[in-house]
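Heads up: the structure comes next, in structure tokens.
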Amino acid sequence: MIFVTLGTHEQPMRRLTSALAAVPSTLPQVARFVIQHGYSPAVDGWESEAMMSPSRIAELTGAADIVVTHGGPASIALARGAGKIPVVVPRASSFGEHVDNHQIAYARRLAMAGEIILAEDPANIGRILADYDRLSKELASPSSLDPTPAIRQFSAIADALLYQR
């Protein structure tokens, strides 16, 4: 299953929903296509719901083989937390998808760190989804991002500062 979540932001992502319409015919091996489209148009060939509960989004994210999301940090973190490397299509202000380009800046930073697959141009989404297995294998697996060593290091520094009197 491919699951797409576009969040609840009021400005639609028509570029992405238009590009997604062609995906089911180009990926016949995928059994199910589901999209939470928010204020964007529903997509032909996809099971489409405008809004979903957070628990439903978490359920579909966990069950999906591929997760596609806008550039919202919570959506990206949900996918990463579920062990997925998401394909991220950040909203762009130049297309009326957001008030500024903070999602683009954030997604570029995550892509450089190897945490997401960046699809800045939604026209490329079909190619990226068809090549997902290869692209995702080149990146850091979510399980390799265990925060335990960083937490231990932070604790040691905090303890040293606290008891350094």
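Chain labels A, B, ... are given in the sequence in which chains occur in the structure tokens; within each chain residues are numbered consecutively from 1, and ligands are likewise numbered from 1 in the order shown.
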For the structure I just gave you, how does DSSP split segment 7-108 of chain A - specifically, which residues are helix (DSSP H, G or I)? Reply as an MDAnalysis selection string. chainID A and resid 14:20 23:26 54:63 73:81 93:95 102:108
Would you kindly return, as number ranges by chain, each protein, DNA or RNA residue with an atom no farther than 9 Å from any atom of Ile125 of chain A, considering only C-alpha atoms and excluding same-chain residues fewer than 2 positions away? A: 16, 19-20, 23, 87, 89, 119, 121-123, 127-130
Go ahead and write the selection's residues with N, CA and C atoms as a PDB file, in the first residue's frame.
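And here's result_20.pdb as it stands now:
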```pdb
ATOM      1  N   LEU A  16       0.561  18.122  -6.532  1.00  0.00           N
ATOM      2  CA  LEU A  16       0.788  16.748  -6.101  1.00  0.00           C
ATOM      3  C   LEU A  16      -0.420  15.865  -6.412  1.00  0.00           C
ATOM      4  N   ALA A  19      -0.474  14.937 -10.017  1.00  0.00           N
ATOM      5  CA  ALA A  19       0.562  13.955 -10.371  1.00  0.00           C
ATOM      6  C   ALA A  19       0.224  12.564  -9.841  1.00  0.00           C
ATOM      7  N   LEU A  20      -0.433  12.493  -8.691  1.00  0.00           N
ATOM      8  CA  LEU A  20      -0.768  11.193  -8.102  1.00  0.00           C
ATOM      9  C   LEU A  20      -1.822  10.433  -8.911  1.00  0.00           C
ATOM     10  N   VAL A  23      -0.396   7.550 -10.906  1.00  0.00           N
ATOM     11  CA  VAL A  23       0.413   6.541 -10.216  1.00  0.00           C
ATOM     12  C   VAL A  23      -0.187   5.136 -10.254  1.00  0.00           C
ATOM     13  N   VAL A  87       8.629   9.661   1.550  1.00  0.00           N
ATOM     14  CA  VAL A  87       8.840  10.523   0.403  1.00  0.00           C
ATOM     15  C   VAL A  87       8.161  11.834   0.791  1.00  0.00           C
ATOM     16  N   VAL A  89       7.067  15.713  -0.073  1.00  0.00           N
ATOM     17  CA  VAL A  89       6.782  16.730  -1.084  1.00  0.00           C
ATOM     18  C   VAL A  89       6.434  18.004  -0.310  1.00  0.00           C
ATOM     19  N   ALA A 119      11.059  14.991  -2.776  1.00  0.00           N
ATOM     20  CA  ALA A 119      10.416  15.139  -4.082  1.00  0.00           C
ATOM     21  C   ALA A 119       9.912  16.565  -4.173  1.00  0.00           C
ATOM     22  N   ASP A 121       9.668  18.494  -6.724  1.00  0.00           N
ATOM     23  CA  ASP A 121       8.789  18.661  -7.886  1.00  0.00           C
ATOM     24  C   ASP A 121       7.831  17.479  -7.930  1.00  0.00           C
ATOM     25  N   PRO A 122       6.544  17.701  -7.628  1.00  0.00           N
ATOM     26  CA  PRO A 122       5.587  16.596  -7.631  1.00  0.00           C
ATOM     27  C   PRO A 122       5.480  15.871  -8.976  1.00  0.00           C
ATOM     28  N   ALA A 123       5.893  16.502 -10.045  1.00  0.00           N
ATOM     29  CA  ALA A 123       5.850  15.837 -11.347  1.00  0.00           C
ATOM     30  C   ALA A 123       6.726  14.585 -11.365  1.00  0.00           C
ATOM     31  N   ARG A 127       8.002   8.503 -10.806  1.00  0.00           N
ATOM     32  CA  ARG A 127       9.343   7.925 -10.962  1.00  0.00           C
ATOM     33  C   ARG A 127       9.941   7.580  -9.611  1.00  0.00           C
ATOM     34  N   ILE A 128       9.775   8.467  -8.648  1.00  0.00           N
ATOM     35  CA  ILE A 128      10.322   8.229  -7.312  1.00  0.00           C
ATOM     36  C   ILE A 128       9.650   7.022  -6.664  1.00  0.00           C
ATOM     37  N   LEU A 129       8.338   6.922  -6.783  1.00  0.00           N
ATOM     38  CA  LEU A 129       7.634   5.776  -6.190  1.00  0.00           C
ATOM     39  C   LEU A 129       8.027   4.468  -6.871  1.00  0.00           C
ATOM     40  N   ALA A 130       8.212   4.501  -8.180  1.00  0.00           N
ATOM     41  CA  ALA A 130       8.631   3.296  -8.903  1.00  0.00           C
ATOM     42  C   ALA A 130      10.035   2.859  -8.489  1.00  0.00           C
TER      43      ALA A 130
END
```
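Rounded to one decimal, atom CA of Met13 of chain A and atom CA of Ser40 of chain A lie 5.5 Å from each other.
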Using only C-alpha atoms for the distances, tell me which of A:Glu138, A:Pro41, A:Glu59, A:Ile116 is nearest to Ala77 of chain A. A:Ile116
Residue contacts of Pro12 of chain A (8 Å, only C-alpha atoms) excluding same-chain residues fewer than 3 positions away, as a PDB file with all heavy atoms, in the first residue's frame:
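Saved as selection.pdb:
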```pdb
ATOM      1  N   HIS A   9      -3.658  21.676   6.390  1.00  0.00           N
ATOM      2  CA  HIS A   9      -3.415  23.065   5.991  1.00  0.00           C
ATOM      3  C   HIS A   9      -4.427  23.471   4.929  1.00  0.00           C
ATOM      4  O   HIS A   9      -4.714  22.700   4.009  1.00  0.00           O
ATOM      5  CB  HIS A   9      -1.973  23.221   5.485  1.00  0.00           C
ATOM      6  CG  HIS A   9      -1.608  24.629   5.203  1.00  0.00           C
ATOM      7  ND1 HIS A   9      -1.371  25.540   6.209  1.00  0.00           N
ATOM      8  CD2 HIS A   9      -1.490  25.295   4.039  1.00  0.00           C
ATOM      9  CE1 HIS A   9      -1.091  26.712   5.657  1.00  0.00           C
ATOM     10  NE2 HIS A   9      -1.157  26.588   4.352  1.00  0.00           N
ATOM     11  N   GLY A  38      -6.918  16.349   2.786  1.00  0.00           N
ATOM     12  CA  GLY A  38      -7.169  17.656   3.392  1.00  0.00           C
ATOM     13  C   GLY A  38      -7.978  18.543   2.475  1.00  0.00           C
ATOM     14  O   GLY A  38      -9.011  18.139   1.943  1.00  0.00           O
ATOM     15  N   TYR A  39      -7.481  19.750   2.235  1.00  0.00           N
ATOM     16  CA  TYR A  39      -8.173  20.722   1.383  1.00  0.00           C
ATOM     17  C   TYR A  39      -7.794  20.590  -0.089  1.00  0.00           C
ATOM     18  O   TYR A  39      -8.267  21.345  -0.922  1.00  0.00           O
ATOM     19  CB  TYR A  39      -7.901  22.144   1.882  1.00  0.00           C
ATOM     20  CG  TYR A  39      -8.574  22.414   3.207  1.00  0.00           C
ATOM     21  CD1 TYR A  39      -7.913  22.167   4.401  1.00  0.00           C
ATOM     22  CD2 TYR A  39      -9.879  22.880   3.248  1.00  0.00           C
ATOM     23  CE1 TYR A  39      -8.535  22.389   5.628  1.00  0.00           C
ATOM     24  CE2 TYR A  39     -10.517  23.109   4.456  1.00  0.00           C
ATOM     25  CZ  TYR A  39      -9.835  22.857   5.644  1.00  0.00           C
ATOM     26  OH  TYR A  39     -10.461  23.080   6.848  1.00  0.00           O
ATOM     27  N   SER A  40      -6.951  19.633  -0.402  1.00  0.00           N
ATOM     28  CA  SER A  40      -6.582  19.362  -1.800  1.00  0.00           C
ATOM     29  C   SER A  40      -7.677  18.510  -2.431  1.00  0.00           C
ATOM     30  O   SER A  40      -8.441  17.844  -1.736  1.00  0.00           O
ATOM     31  CB  SER A  40      -5.248  18.620  -1.853  1.00  0.00           C
ATOM     32  OG  SER A  40      -4.231  19.388  -1.245  1.00  0.00           O
ATOM     33  N   PRO A  41      -7.738  18.484  -3.754  1.00  0.00           N
ATOM     34  CA  PRO A  41      -8.766  17.664  -4.412  1.00  0.00           C
ATOM     35  C   PRO A  41      -8.543  16.170  -4.163  1.00  0.00           C
ATOM     36  O   PRO A  41      -7.414  15.716  -3.998  1.00  0.00           O
ATOM     37  CB  PRO A  41      -8.569  17.971  -5.900  1.00  0.00           C
ATOM     38  CG  PRO A  41      -7.714  19.193  -5.965  1.00  0.00           C
ATOM     39  CD  PRO A  41      -6.935  19.252  -4.698  1.00  0.00           C
ATOM     40  N   GLY A  96       1.148  28.714  -4.119  1.00  0.00           N
ATOM     41  CA  GLY A  96       0.006  28.953  -3.258  1.00  0.00           C
ATOM     42  C   GLY A  96      -0.294  27.804  -2.306  1.00  0.00           C
ATOM     43  O   GLY A  96      -1.433  27.666  -1.847  1.00  0.00           O
ATOM     44  N   GLU A  97       0.721  26.993  -1.983  1.00  0.00           N
ATOM     45  CA  GLU A  97       0.522  25.839  -1.114  1.00  0.00           C
ATOM     46  C   GLU A  97       0.814  26.144   0.355  1.00  0.00           C
ATOM     47  O   GLU A  97       0.466  25.361   1.231  1.00  0.00           O
ATOM     48  CB  GLU A  97       1.410  24.681  -1.584  1.00  0.00           C
ATOM     49  CG  GLU A  97       1.063  24.219  -2.977  1.00  0.00           C
ATOM     50  CD  GLU A  97       2.104  23.321  -3.614  1.00  0.00           C
ATOM     51  OE1 GLU A  97       3.258  23.266  -3.131  1.00  0.00           O
ATOM     52  OE2 GLU A  97       1.759  22.675  -4.617  1.00  0.00           O
TER      53      GLU A  97
END
```
Pull the strand (DSSP E or B) assignments for chain A out of DSSP run on the backbone, and list those residues as a CSV table (one decimal) with C-alpha atoms, in the first residue's frame.
```csv
chain,number,residue,atom,x,y,z
A,2,ILE,CA,1.0,3.6,-0.7
A,3,PHE,CA,-0.3,6.0,1.8
A,4,VAL,CA,-0.3,9.8,1.2
A,5,THR,CA,-1.0,12.4,3.9
A,33,PHE,CA,-3.6,3.5,-2.9
A,34,VAL,CA,-4.9,5.6,0.0
A,35,ILE,CA,-4.7,9.4,0.4
A,36,GLN,CA,-5.7,11.8,3.2
A,47,GLU,CA,-9.2,5.7,-1.7
A,48,SER,CA,-9.6,9.3,-0.7
A,49,GLU,CA,-10.6,11.0,2.6
A,66,ILE,CA,5.5,3.6,1.2
A,67,VAL,CA,4.5,6.8,2.9
A,68,VAL,CA,4.3,10.1,1.0
A,69,THR,CA,3.8,13.3,3.0
A,87,VAL,CA,8.8,10.5,0.4
A,88,VAL,CA,8.4,14.2,1.2
A,117,ILE,CA,13.4,11.0,0.0
A,118,LEU,CA,12.8,14.5,-1.2
```
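Reported to one decimal place, the separation of atom CA of His98 of chain A from atom CA of Gly45 of chain A is 26.1 Å.
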Atom CA of Leu6 of chain A and atom CA of Pro86 of chain A, how far apart in Å? 12.6 Å
Determine the nearest neighbour of Glu120 of chain A from the options A:Arg32, A:Lys84, A:His70, A:Arg56, counting only C-alpha atoms. A:His70
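The smallest atom-to-atom distance between Ala107 of chain A and any of A:Arg134, A:Ala158, A:Phe95, A:Ile76, using only C-alpha atoms, is found for A:Ile76.
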Which residues are near Ile104 of chain A? Cut-off 9 Å, only C-alpha atoms, ignore same chain within fewer than 3 positions. Put them as a PyMOL selection string. chain A and resi 71+89-92+100-101+107-109+120
Only N, CA and C atoms, please: the residues just picked out, written as a PDB file, in the first residue's frame.
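Output file part_17.pdb follows:
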```pdb
ATOM      1  N   GLY A  71       5.582  18.481   3.816  1.00  0.00           N
ATOM      2  CA  GLY A  71       6.787  18.713   4.604  1.00  0.00           C
ATOM      3  C   GLY A  71       6.561  19.075   6.049  1.00  0.00           C
ATOM      4  N   VAL A  89       7.067  15.713  -0.073  1.00  0.00           N
ATOM      5  CA  VAL A  89       6.782  16.730  -1.084  1.00  0.00           C
ATOM      6  C   VAL A  89       6.434  18.004  -0.310  1.00  0.00           C
ATOM      7  N   PRO A  90       7.404  18.886  -0.103  1.00  0.00           N
ATOM      8  CA  PRO A  90       7.131  20.079   0.697  1.00  0.00           C
ATOM      9  C   PRO A  90       6.230  21.066  -0.045  1.00  0.00           C
ATOM     10  N   ARG A  91       5.405  21.748   0.725  1.00  0.00           N
ATOM     11  CA  ARG A  91       4.548  22.779   0.164  1.00  0.00           C
ATOM     12  C   ARG A  91       5.401  23.976  -0.262  1.00  0.00           C
ATOM     13  N   ALA A  92       5.057  24.587  -1.377  1.00  0.00           N
ATOM     14  CA  ALA A  92       5.809  25.733  -1.906  1.00  0.00           C
ATOM     15  C   ALA A  92       4.905  26.962  -1.974  1.00  0.00           C
ATOM     16  N   ASP A 100       4.892  30.498   3.252  1.00  0.00           N
ATOM     17  CA  ASP A 100       6.327  30.670   3.039  1.00  0.00           C
ATOM     18  C   ASP A 100       6.921  29.315   2.655  1.00  0.00           C
ATOM     19  N   ASN A 101       8.237  29.259   2.589  1.00  0.00           N
ATOM     20  CA  ASN A 101       8.893  28.023   2.144  1.00  0.00           C
ATOM     21  C   ASN A 101       9.611  27.282   3.273  1.00  0.00           C
ATOM     22  N   ALA A 107      12.691  20.167   4.683  1.00  0.00           N
ATOM     23  CA  ALA A 107      12.823  18.921   3.921  1.00  0.00           C
ATOM     24  C   ALA A 107      14.203  18.801   3.281  1.00  0.00           C
ATOM     25  N   ARG A 108      14.750  19.881   2.796  1.00  0.00           N
ATOM     26  CA  ARG A 108      16.103  19.828   2.221  1.00  0.00           C
ATOM     27  C   ARG A 108      17.120  19.416   3.279  1.00  0.00           C
ATOM     28  N   ARG A 109      16.974  19.951   4.485  1.00  0.00           N
ATOM     29  CA  ARG A 109      17.899  19.598   5.561  1.00  0.00           C
ATOM     30  C   ARG A 109      17.797  18.104   5.898  1.00  0.00           C
ATOM     31  N   GLU A 120      10.817  17.508  -4.394  1.00  0.00           N
ATOM     32  CA  GLU A 120      10.410  18.916  -4.462  1.00  0.00           C
ATOM     33  C   GLU A 120       9.478  19.180  -5.627  1.00  0.00           C
TER      34      GLU A 120
END
```
